[in-house]
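Visitor: Here it is, the structure, as structure tokens.
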Amino acid sequence: MYFHGTSQVNDRGHLEIGGVDTIELAHQYGTPLYVYDVALIRERARGFQTTFKNMGVKAQVAYASKAFSSIAMFQLAKEEGLSLDVVSGGELFTALVADFPLERIHFHGNNKSYEELEMAVQKKIGCVVVDNFLELDLLQEICEKNDYIMPILLRVTPGIEAHTHDYILTGQEDSKFGFDLQSGQAKEAMEIAVKRSHLDLLGIHCHIGSQIFETTGFKMAAEKLFDTLKEWKEENGFEARVVNLGGGFGIRYTEEDSPIPVSRYVEEIIGDVQTHVKKLNMKMPEIWIEPGRSLVGDAGTTIYSVGSKKEIPNIRQYLAIDGGMSDNIRPALYQAKYEAVLANRVNDKAEETVSIAGKCCESGDMLIWDLPLPKANHEDYLAVFCTGAYGYSMANNYNRITRPAVVFVEDGEAQLVIRRESFEDLIRLDLPFQSKSKILK
């Protein structure tokens with residue numbers, strides 16, 4: 001079994017993370033339970049930033065908060081000196097409550113509302129990544145009204161496809177995101193932006209996909225971006241101060257995945273940018289990147305209680321847990337694969353192959369197919385690894401199931417950072433039906 005970060009087996013044969021017994025956590029906080037390894041998050045954050053520092057390159061490493069957003073997570077990102085990507089008014093509001101440095105907040109999104117943009121301008125955040133022509137108009141109007149000049153990047157689609165699942169490809173030419181380079185939309189947007197009195201165009205942004213295990217896609221995207229920047233400089237006199245190459249750095253979910261060290265991603269990105277800058281006789285821009293999954297994905301583990309079993313002779317054996325697509329919808333959406341162990345019997349030998357079923361009323365609510373495990377019963381706990389990204393952030397109340405609690409662990413201590421939802425939480429926004437029909441007597 002592959003253990004991530006500080007995960008290990010303690011002398012009781014239990015899974016331990018951050019020096020804390022996960023079975024004790026399950027008893028204290030209930031299940032399902034998300035457990036985050038803070039030391040691993042810190043290690044990844046410092047790995048990205050240290051490489052830029054050691055190579056003497058000015059940069060911002062922005063945590064892509066869609067992977068997992070909470071007040072505590074934003075405070076940890078702040079403590080580690082990260083910048084922050086937000087993609088909604090809700091994420092921005094959470095960042096404000098967390099007292100995140102405004103100048104290090106970048107606002108993304110393909111359909112930001114007037115109210116969201118106004119919020120960003122009034123709070124004077126560090127940058128808005130503009131995605132479309134309507135946004136250019138709205139942002140100019142709002143900035144004029146508030147007498148503020150907003151730094152912006154233009155998001156472009158470079159026509160590069162990362163080698164990953166179709167549903168999480170975002171950089172190809174046919175995409176809902178950004179200005180298209182091929183058709184000339186991006187150049188038109190640049191020409192509009194530089195003339196706007198209350199917009200300060202810093203540079204250009206792209207994001208080519210997610211869960212990427214090589215640097216070829218980033219290199220191809222950089223080449224497209226710098227060819228574009230060369231044209232803009234020669235024809236319009238525009239010189240970029242920032243080049244943002246997005247995120248998408250992959251992690252290990254199963255033995256099929258082979259991610260490269262974060263330092264190598266950064267080293268190759270820097271080297272490639274430096275080559276283009278030298279070749280094109282341009283000033284070295286500040287490099288921004290946006291890791292999300294690679295900061296928190298394998299730092300998260302979900303603990304479940306084992307429930308019922310169903311055996312279909314000569315076909316399959318199902319093992320049900322007390323969560324499922326309500327706390328991890330990725331297997332249903334993306335056919336995502338995971339590894340897991342019995343958290344209270346990690347050292348026991350596998351004796352059977354089971355498929356892990358969720359409790360939602362959907363036949364597609366399956367977390368893991370054909371998982372080798374010791375013979376499990378309803379007193380056991382299942383630990384599913386690498387659920388730190390897009391687990392809680394995509395959790396839902398389907399079947400009116402409450403969302404789990406989230407615990408941070410570090411140096412032998414546990415901290416509850418998101419409490420478990422109660423049934424009362426589920427109906428907090430509900431209003432009673434006011435019938436207008438007459439009751440027949």
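Please note that chains go A, B, ... in the order of the structure tokens, that every chain numbers its residues from 1, and that ligands are numbered from 1 in the order shown.
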So which residues touch Gly364 in chain A within 12 Å, counting only C-alpha atoms, skipping near sequence neighbours fewer than 4 positions away, as a list in words?
Guide: Gly324, Met325, Ser326, Ile329, Arg330, Pro331, Ala332, Leu333, Tyr334, Gln335, Ile356, Ala357, Gly358, Lys359, Cys360, Ile368 and Trp369 of chain A
Visitor: Would you write out, as CSV, a table of all residues in range 262-354 of chain A that have an atom no more than 12 Å from an atom of range 100-120 of chain A, listing for each the closest atom pair and the distance in Å to one decimal, considering only C-alpha atoms and ordering rows by chain and rising residue number?
Guide:
residue,atom,partner,partner_atom,distance
A:Trp288,CA,A:His106,CA,10.7
A:Ile289,CA,A:His106,CA,11.4
A:Glu290,CA,A:His106,CA,10.1
Visitor: Could you name the residues that touch range 384-388 of chain A at 9 Å or less, counting only C-alpha atoms, but leaving out those on the same chain fewer than 6 positions away, as a PDB file with N, CA, C and O atoms, in the first residue's frame?
Guide:
ATOM      1  N   PHE A   3       1.541   4.996   0.960  1.00  0.00           N
ATOM      2  CA  PHE A   3       1.100   5.971   1.948  1.00  0.00           C
ATOM      3  C   PHE A   3       1.587   7.360   1.562  1.00  0.00           C
ATOM      4  O   PHE A   3       2.751   7.552   1.213  1.00  0.00           O
ATOM      5  N   HIS A   4       0.695   8.332   1.647  1.00  0.00           N
ATOM      6  CA  HIS A   4       0.996   9.709   1.286  1.00  0.00           C
ATOM      7  C   HIS A   4       1.355  10.515   2.528  1.00  0.00           C
ATOM      8  O   HIS A   4       0.779  10.331   3.596  1.00  0.00           O
ATOM      9  N   TYR A  34     -13.609  13.734   6.518  1.00  0.00           N
ATOM     10  CA  TYR A  34     -12.439  14.126   5.725  1.00  0.00           C
ATOM     11  C   TYR A  34     -11.303  14.483   6.692  1.00  0.00           C
ATOM     12  O   TYR A  34     -11.485  15.307   7.593  1.00  0.00           O
ATOM     13  N   VAL A  35     -10.140  13.888   6.472  1.00  0.00           N
ATOM     14  CA  VAL A  35      -8.970  14.167   7.297  1.00  0.00           C
ATOM     15  C   VAL A  35      -7.867  14.725   6.407  1.00  0.00           C
ATOM     16  O   VAL A  35      -7.478  14.090   5.415  1.00  0.00           O
ATOM     17  N   TYR A  36      -7.368  15.914   6.739  1.00  0.00           N
ATOM     18  CA  TYR A  36      -6.336  16.572   5.931  1.00  0.00           C
ATOM     19  C   TYR A  36      -4.991  16.576   6.645  1.00  0.00           C
ATOM     20  O   TYR A  36      -4.899  16.964   7.818  1.00  0.00           O
ATOM     21  N   ALA A  67     -10.586  23.507  -5.534  1.00  0.00           N
ATOM     22  CA  ALA A  67     -10.259  22.155  -5.097  1.00  0.00           C
ATOM     23  C   ALA A  67     -10.792  21.874  -3.703  1.00  0.00           C
ATOM     24  O   ALA A  67     -11.293  20.777  -3.417  1.00  0.00           O
ATOM     25  N   PHE A  68     -10.677  22.863  -2.805  1.00  0.00           N
ATOM     26  CA  PHE A  68     -11.225  22.750  -1.454  1.00  0.00           C
ATOM     27  C   PHE A  68     -11.205  24.129  -0.817  1.00  0.00           C
ATOM     28  O   PHE A  68     -10.145  24.699  -0.579  1.00  0.00           O
ATOM     29  N   ILE A 251      -1.524  14.250  -9.511  1.00  0.00           N
ATOM     30  CA  ILE A 251      -1.136  13.556  -8.287  1.00  0.00           C
ATOM     31  C   ILE A 251      -1.338  12.052  -8.482  1.00  0.00           C
ATOM     32  O   ILE A 251      -1.980  11.618  -9.440  1.00  0.00           O
ATOM     33  N   ARG A 252      -0.828  11.279  -7.525  1.00  0.00           N
ATOM     34  CA  ARG A 252      -0.986   9.832  -7.574  1.00  0.00           C
ATOM     35  C   ARG A 252      -2.260   9.419  -6.852  1.00  0.00           C
ATOM     36  O   ARG A 252      -2.374   9.551  -5.638  1.00  0.00           O
ATOM     37  N   TYR A 253      -3.247   8.937  -7.596  1.00  0.00           N
ATOM     38  CA  TYR A 253      -4.437   8.342  -7.004  1.00  0.00           C
ATOM     39  C   TYR A 253      -4.256   6.834  -6.846  1.00  0.00           C
ATOM     40  O   TYR A 253      -4.590   6.264  -5.818  1.00  0.00           O
ATOM     41  N   ARG A 293      -5.367  20.823  -6.957  1.00  0.00           N
ATOM     42  CA  ARG A 293      -5.330  19.400  -6.621  1.00  0.00           C
ATOM     43  C   ARG A 293      -3.954  18.979  -6.074  1.00  0.00           C
ATOM     44  O   ARG A 293      -3.868  18.211  -5.113  1.00  0.00           O
ATOM     45  N   LEU A 295      -1.866  20.530  -4.397  1.00  0.00           N
ATOM     46  CA  LEU A 295      -1.596  21.008  -3.039  1.00  0.00           C
ATOM     47  C   LEU A 295      -2.387  20.228  -1.993  1.00  0.00           C
ATOM     48  O   LEU A 295      -1.878  19.959  -0.902  1.00  0.00           O
ATOM     49  N   VAL A 296      -3.621  19.865  -2.314  1.00  0.00           N
ATOM     50  CA  VAL A 296      -4.481  19.269  -1.282  1.00  0.00           C
ATOM     51  C   VAL A 296      -5.010  17.880  -1.617  1.00  0.00           C
ATOM     52  O   VAL A 296      -5.539  17.197  -0.735  1.00  0.00           O
ATOM     53  N   GLY A 297      -4.886  17.440  -2.862  1.00  0.00           N
ATOM     54  CA  GLY A 297      -5.519  16.188  -3.279  1.00  0.00           C
ATOM     55  C   GLY A 297      -5.110  14.988  -2.469  1.00  0.00           C
ATOM     56  O   GLY A 297      -5.946  14.302  -1.853  1.00  0.00           O
ATOM     57  N   ASP A 298      -3.813  14.679  -2.457  1.00  0.00           N
ATOM     58  CA  ASP A 298      -3.374  13.492  -1.726  1.00  0.00           C
ATOM     59  C   ASP A 298      -3.126  13.774  -0.247  1.00  0.00           C
ATOM     60  O   ASP A 298      -2.716  12.885   0.506  1.00  0.00           O
ATOM     61  N   ALA A 299      -3.406  15.012   0.184  1.00  0.00           N
ATOM     62  CA  ALA A 299      -3.350  15.326   1.614  1.00  0.00           C
ATOM     63  C   ALA A 299      -4.661  14.981   2.306  1.00  0.00           C
ATOM     64  O   ALA A 299      -4.744  15.012   3.539  1.00  0.00           O
ATOM     65  N   GLY A 300      -5.682  14.644   1.537  1.00  0.00           N
ATOM     66  CA  GLY A 300      -6.989  14.334   2.103  1.00  0.00           C
ATOM     67  C   GLY A 300      -7.298  12.849   2.076  1.00  0.00           C
ATOM     68  O   GLY A 300      -7.017  12.157   1.089  1.00  0.00           O
ATOM     69  N   THR A 301      -7.853  12.340   3.155  1.00  0.00           N
ATOM     70  CA  THR A 301      -8.298  10.949   3.262  1.00  0.00           C
ATOM     71  C   THR A 301      -9.699  10.949   3.855  1.00  0.00           C
ATOM     72  O   THR A 301      -9.970  11.680   4.812  1.00  0.00           O
ATOM     73  N   THR A 302     -10.594  10.140   3.297  1.00  0.00           N
ATOM     74  CA  THR A 302     -11.950  10.042   3.844  1.00  0.00           C
ATOM     75  C   THR A 302     -12.113   8.739   4.607  1.00  0.00           C
ATOM     76  O   THR A 302     -11.779   7.665   4.087  1.00  0.00           O
ATOM     77  N   ILE A 303     -12.610   8.852   5.846  1.00  0.00           N
ATOM     78  CA  ILE A 303     -12.849   7.681   6.687  1.00  0.00           C
ATOM     79  C   ILE A 303     -14.339   7.384   6.688  1.00  0.00           C
ATOM     80  O   ILE A 303     -15.169   8.255   6.966  1.00  0.00           O
ATOM     81  N   TYR A 304     -14.684   6.132   6.370  1.00  0.00           N
ATOM     82  CA  TYR A 304     -16.071   5.681   6.351  1.00  0.00           C
ATOM     83  C   TYR A 304     -16.276   4.534   7.338  1.00  0.00           C
ATOM     84  O   TYR A 304     -15.336   3.778   7.624  1.00  0.00           O
ATOM     85  N   ASN A 328     -18.282  12.219  -2.373  1.00  0.00           N
ATOM     86  CA  ASN A 328     -17.260  12.057  -3.421  1.00  0.00           C
ATOM     87  C   ASN A 328     -17.947  11.661  -4.722  1.00  0.00           C
ATOM     88  O   ASN A 328     -18.151  10.485  -5.006  1.00  0.00           O
ATOM     89  N   TYR A 338      -9.646   5.157  -7.045  1.00  0.00           N
ATOM     90  CA  TYR A 338      -9.036   5.386  -5.743  1.00  0.00           C
ATOM     91  C   TYR A 338      -8.482   4.090  -5.167  1.00  0.00           C
ATOM     92  O   TYR A 338      -8.876   2.996  -5.562  1.00  0.00           O
ATOM     93  N   GLU A 339      -7.592   4.245  -4.193  1.00  0.00           N
ATOM     94  CA  GLU A 339      -7.119   3.126  -3.389  1.00  0.00           C
ATOM     95  C   GLU A 339      -7.667   3.287  -1.974  1.00  0.00           C
ATOM     96  O   GLU A 339      -7.937   4.410  -1.526  1.00  0.00           O
ATOM     97  N   ALA A 340      -7.802   2.150  -1.267  1.00  0.00           N
ATOM     98  CA  ALA A 340      -8.366   2.206   0.081  1.00  0.00           C
ATOM     99  C   ALA A 340      -7.860   1.034   0.913  1.00  0.00           C
ATOM    100  O   ALA A 340      -7.408   0.017   0.383  1.00  0.00           O
ATOM    101  N   VAL A 341      -7.955   1.212   2.238  1.00  0.00           N
ATOM    102  CA  VAL A 341      -7.604   0.150   3.186  1.00  0.00           C
ATOM    103  C   VAL A 341      -8.632   0.157   4.315  1.00  0.00           C
ATOM    104  O   VAL A 341      -9.368   1.127   4.488  1.00  0.00           O
ATOM    105  N   LEU A 342      -8.659  -0.934   5.077  1.00  0.00           N
ATOM    106  CA  LEU A 342      -9.410  -0.920   6.317  1.00  0.00           C
ATOM    107  C   LEU A 342      -8.569  -0.160   7.336  1.00  0.00           C
ATOM    108  O   LEU A 342      -7.481  -0.601   7.711  1.00  0.00           O
ATOM    109  N   ALA A 343      -9.041   0.973   7.772  1.00  0.00           N
ATOM    110  CA  ALA A 343      -8.231   1.862   8.605  1.00  0.00           C
ATOM    111  C   ALA A 343      -7.917   1.263   9.968  1.00  0.00           C
ATOM    112  O   ALA A 343      -6.917   1.625  10.596  1.00  0.00           O
TER     113      ALA A 343
END
Visitor: Can you pull out every residue within 6 Å of Gly250 in chain A, counting only C-alpha atoms, but drop anything in the same chain fewer than 5 positions away, and send it as number ranges by chain?
Guide: A: 211-213, 259
Visitor: Of the candidates A:Ala193, A:Ala240, A:Leu33, A:Ile208, which shows the shortest atom-to-atom distance to Asp174 in chain A, using only C-alpha atoms?
Guide: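 So, comparing all the options, the nearest one is A:Ile208.
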Visitor: Which one of A:Val409, A:Leu134, A:Leu416, A:Leu229 sits closest to Gly5 in chain A if you count only C-alpha atoms?
Guide: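 Selected residue with least distance to Gly5 in chain A: A:Val409.
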Visitor: Could you produce a table of the residues of range 197-307 of chain A lying within 12 Å of range 139-153 of chain A, with the nearest pair of atoms per residue and their separation in Å rounded to one decimal, using only C-alpha atoms, ordered by chain and increasing residue number, as CSV?
Guide:
residue,atom,partner,partner_atom,distance
A:Ser197,CA,A:Ile149,CA,7.6
A:His198,CA,A:Ile149,CA,4.3
A:Leu199,CA,A:Met150,CA,5.1
A:Asp200,CA,A:Pro151,CA,4.5
A:Leu201,CA,A:Ile152,CA,5.0
A:Leu202,CA,A:Leu153,CA,5.6
A:Gly203,CA,A:Leu153,CA,5.1
A:Ile204,CA,A:Leu153,CA,5.1
A:His205,CA,A:Leu153,CA,6.2
A:Cys206,CA,A:Leu153,CA,9.7
A:Ala240,CA,A:Leu153,CA,9.5
A:Arg241,CA,A:Leu153,CA,9.9
A:Val242,CA,A:Leu153,CA,8.0
A:Val243,CA,A:Leu153,CA,8.6
A:Asn244,CA,A:Leu153,CA,8.4
A:Leu245,CA,A:Leu153,CA,11.5
A:Gly246,CA,A:Leu153,CA,11.9
A:Trp288,CA,A:Leu153,CA,10.9
Visitor: Let's see if you can do this: from backbone DSSP, list all alpha helix (DSSP H) residues in range 215-257 of chain A, as a PyMOL selection string.
Guide: chain A and resi 216-236
Visitor: Rounded to one decimal in Å, what is the spacing between CA of Gly89 in chain A and CA of Pro432 in chain A?
Guide: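 Calculated distance between CA of Gly89 in chain A and CA of Pro432 in chain A is 28.4 Å.
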Visitor: One decimal, Å: what's the distance from CA of His27 in chain A over to CA of Thr402 in chain A, could you say?
Guide: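 About the pair CA of His27 in chain A and CA of Thr402 in chain A: they are 17.5 Å apart.
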Visitor: Please measure the separation of CA of Thr94 in chain A and CA of Ala72 in chain A, giving the value in Å to one decimal.
Guide: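 Distance reported for this atom pair: 9.6 Å.
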Visitor: Identify, on the basis of only C-alpha atoms, every residue whose closest approach to Glu214 in chain A does not exceed 12 Å; exclude the query and any residue fewer than 3 positions from it along the same chain; express the result as a list in words.
Guide: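 Those residues are Ala162, His163, Thr164, Gly209, Ser210, Gln211, Gly217, Phe218, Lys219, Met220, Gly248, Phe249, Gly250, Ile251, Asp257, Ser258, Pro259, Ile260, Pro261, Val262, Arg264, Tyr265, Val266, Glu268 and Ile269 of chain A.
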Visitor: Output as a PyMOL selection string all residues of range 93-239 of chain A that backbone DSSP marks as strand (DSSP E).
Guide: chain A and resi 105-107+127-130+150-157+179-180+199-205
Visitor: Write a file of the selected residues as an mmCIF file, in the first residue's frame, keeping N, CA, C and O atoms.
Guide:
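That gives us out-v9.cif:
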data_model
loop_
_atom_site.group_PDB
_atom_site.id
_atom_site.type_symbol
_atom_site.label_atom_id
_atom_site.label_comp_id
_atom_site.auth_asym_id
_atom_site.auth_seq_id
_atom_site.Cartn_x
_atom_site.Cartn_y
_atom_site.Cartn_z
ATOM 1 N N ILE A 105 -5.352 38.024 -4.164
ATOM 2 C CA ILE A 105 -6.545 37.296 -4.614
ATOM 3 C C ILE A 105 -6.765 37.535 -6.100
ATOM 4 O O ILE A 105 -6.781 38.673 -6.567
ATOM 5 N N HIS A 106 -6.939 36.452 -6.856
ATOM 6 C CA HIS A 106 -7.221 36.510 -8.291
ATOM 7 C C HIS A 106 -8.609 35.932 -8.521
ATOM 8 O O HIS A 106 -8.915 34.842 -8.046
ATOM 9 N N PHE A 107 -9.442 36.641 -9.280
ATOM 10 C CA PHE A 107 -10.831 36.231 -9.498
ATOM 11 C C PHE A 107 -11.007 35.660 -10.896
ATOM 12 O O PHE A 107 -10.869 36.365 -11.890
ATOM 13 N N CYS A 127 -6.320 41.003 -8.694
ATOM 14 C CA CYS A 127 -6.425 40.805 -10.142
ATOM 15 C C CYS A 127 -7.742 40.132 -10.496
ATOM 16 O O CYS A 127 -8.225 39.271 -9.755
ATOM 17 N N VAL A 128 -8.306 40.532 -11.631
ATOM 18 C CA VAL A 128 -9.431 39.818 -12.221
ATOM 19 C C VAL A 128 -8.953 39.184 -13.517
ATOM 20 O O VAL A 128 -8.355 39.862 -14.363
ATOM 21 N N VAL A 129 -9.172 37.894 -13.659
ATOM 22 C CA VAL A 129 -8.820 37.193 -14.897
ATOM 23 C C VAL A 129 -10.048 37.258 -15.800
ATOM 24 O O VAL A 129 -11.027 36.539 -15.605
ATOM 25 N N VAL A 130 -9.982 38.150 -16.798
ATOM 26 C CA VAL A 130 -11.141 38.430 -17.651
ATOM 27 C C VAL A 130 -11.320 37.325 -18.671
ATOM 28 O O VAL A 130 -10.363 36.910 -19.337
ATOM 29 N N MET A 150 -8.440 48.449 -12.018
ATOM 30 C CA MET A 150 -8.295 47.028 -11.691
ATOM 31 C C MET A 150 -7.242 46.353 -12.556
ATOM 32 O O MET A 150 -7.332 46.387 -13.792
ATOM 33 N N PRO A 151 -6.238 45.717 -11.959
ATOM 34 C CA PRO A 151 -5.298 44.893 -12.725
ATOM 35 C C PRO A 151 -6.024 43.668 -13.290
ATOM 36 O O PRO A 151 -6.820 43.042 -12.579
ATOM 37 N N ILE A 152 -5.774 43.352 -14.543
ATOM 38 C CA ILE A 152 -6.446 42.207 -15.155
ATOM 39 C C ILE A 152 -5.457 41.357 -15.951
ATOM 40 O O ILE A 152 -4.394 41.823 -16.382
ATOM 41 N N LEU A 153 -5.823 40.104 -16.131
ATOM 42 C CA LEU A 153 -5.213 39.220 -17.116
ATOM 43 C C LEU A 153 -6.303 38.828 -18.099
ATOM 44 O O LEU A 153 -7.488 38.801 -17.746
ATOM 45 N N LEU A 154 -5.926 38.521 -19.322
ATOM 46 C CA LEU A 154 -6.870 37.974 -20.295
ATOM 47 C C LEU A 154 -6.678 36.467 -20.358
ATOM 48 O O LEU A 154 -5.576 35.979 -20.633
ATOM 49 N N ARG A 155 -7.754 35.729 -20.101
ATOM 50 C CA ARG A 155 -7.669 34.280 -20.247
ATOM 51 C C ARG A 155 -7.866 33.917 -21.713
ATOM 52 O O ARG A 155 -8.837 34.357 -22.349
ATOM 53 N N VAL A 156 -6.946 33.116 -22.239
ATOM 54 C CA VAL A 156 -7.020 32.706 -23.633
ATOM 55 C C VAL A 156 -7.032 31.193 -23.734
ATOM 56 O O VAL A 156 -6.560 30.486 -22.840
ATOM 57 N N THR A 157 -7.585 30.694 -24.833
ATOM 58 C CA THR A 157 -7.552 29.255 -25.108
ATOM 59 C C THR A 157 -6.527 29.024 -26.207
ATOM 60 O O THR A 157 -6.733 29.434 -27.354
ATOM 61 N N PHE A 179 -10.753 33.765 -24.242
ATOM 62 C CA PHE A 179 -10.721 34.306 -25.605
ATOM 63 C C PHE A 179 -9.907 33.371 -26.495
ATOM 64 O O PHE A 179 -8.787 32.990 -26.158
ATOM 65 N N ASP A 180 -10.444 33.055 -27.649
ATOM 66 C CA ASP A 180 -9.780 32.147 -28.579
ATOM 67 C C ASP A 180 -8.619 32.847 -29.275
ATOM 68 O O ASP A 180 -8.756 33.964 -29.786
ATOM 69 N N LEU A 199 -8.800 49.876 -16.560
ATOM 70 C CA LEU A 199 -8.284 48.506 -16.578
ATOM 71 C C LEU A 199 -6.787 48.545 -16.834
ATOM 72 O O LEU A 199 -6.319 49.257 -17.725
ATOM 73 N N ASP A 200 -6.037 47.786 -16.042
ATOM 74 C CA ASP A 200 -4.583 47.705 -16.186
ATOM 75 C C ASP A 200 -4.229 46.295 -16.619
ATOM 76 O O ASP A 200 -4.202 45.364 -15.804
ATOM 77 N N LEU A 201 -3.991 46.119 -17.911
ATOM 78 C CA LEU A 201 -3.721 44.785 -18.462
ATOM 79 C C LEU A 201 -2.303 44.348 -18.106
ATOM 80 O O LEU A 201 -1.326 44.881 -18.632
ATOM 81 N N LEU A 202 -2.199 43.358 -17.220
ATOM 82 C CA LEU A 202 -0.903 42.851 -16.782
ATOM 83 C C LEU A 202 -0.316 41.850 -17.765
ATOM 84 O O LEU A 202 0.903 41.775 -17.925
ATOM 85 N N GLY A 203 -1.192 41.045 -18.367
ATOM 86 C CA GLY A 203 -0.667 40.005 -19.244
ATOM 87 C C GLY A 203 -1.725 38.998 -19.636
ATOM 88 O O GLY A 203 -2.887 39.334 -19.838
ATOM 89 N N ILE A 204 -1.323 37.740 -19.678
ATOM 90 C CA ILE A 204 -2.117 36.709 -20.324
ATOM 91 C C ILE A 204 -2.173 35.465 -19.446
ATOM 92 O O ILE A 204 -1.263 35.190 -18.653
ATOM 93 N N HIS A 205 -3.252 34.717 -19.582
ATOM 94 C CA HIS A 205 -3.467 33.525 -18.756
ATOM 95 C C HIS A 205 -4.006 32.393 -19.609
ATOM 96 O O HIS A 205 -4.810 32.605 -20.528
#
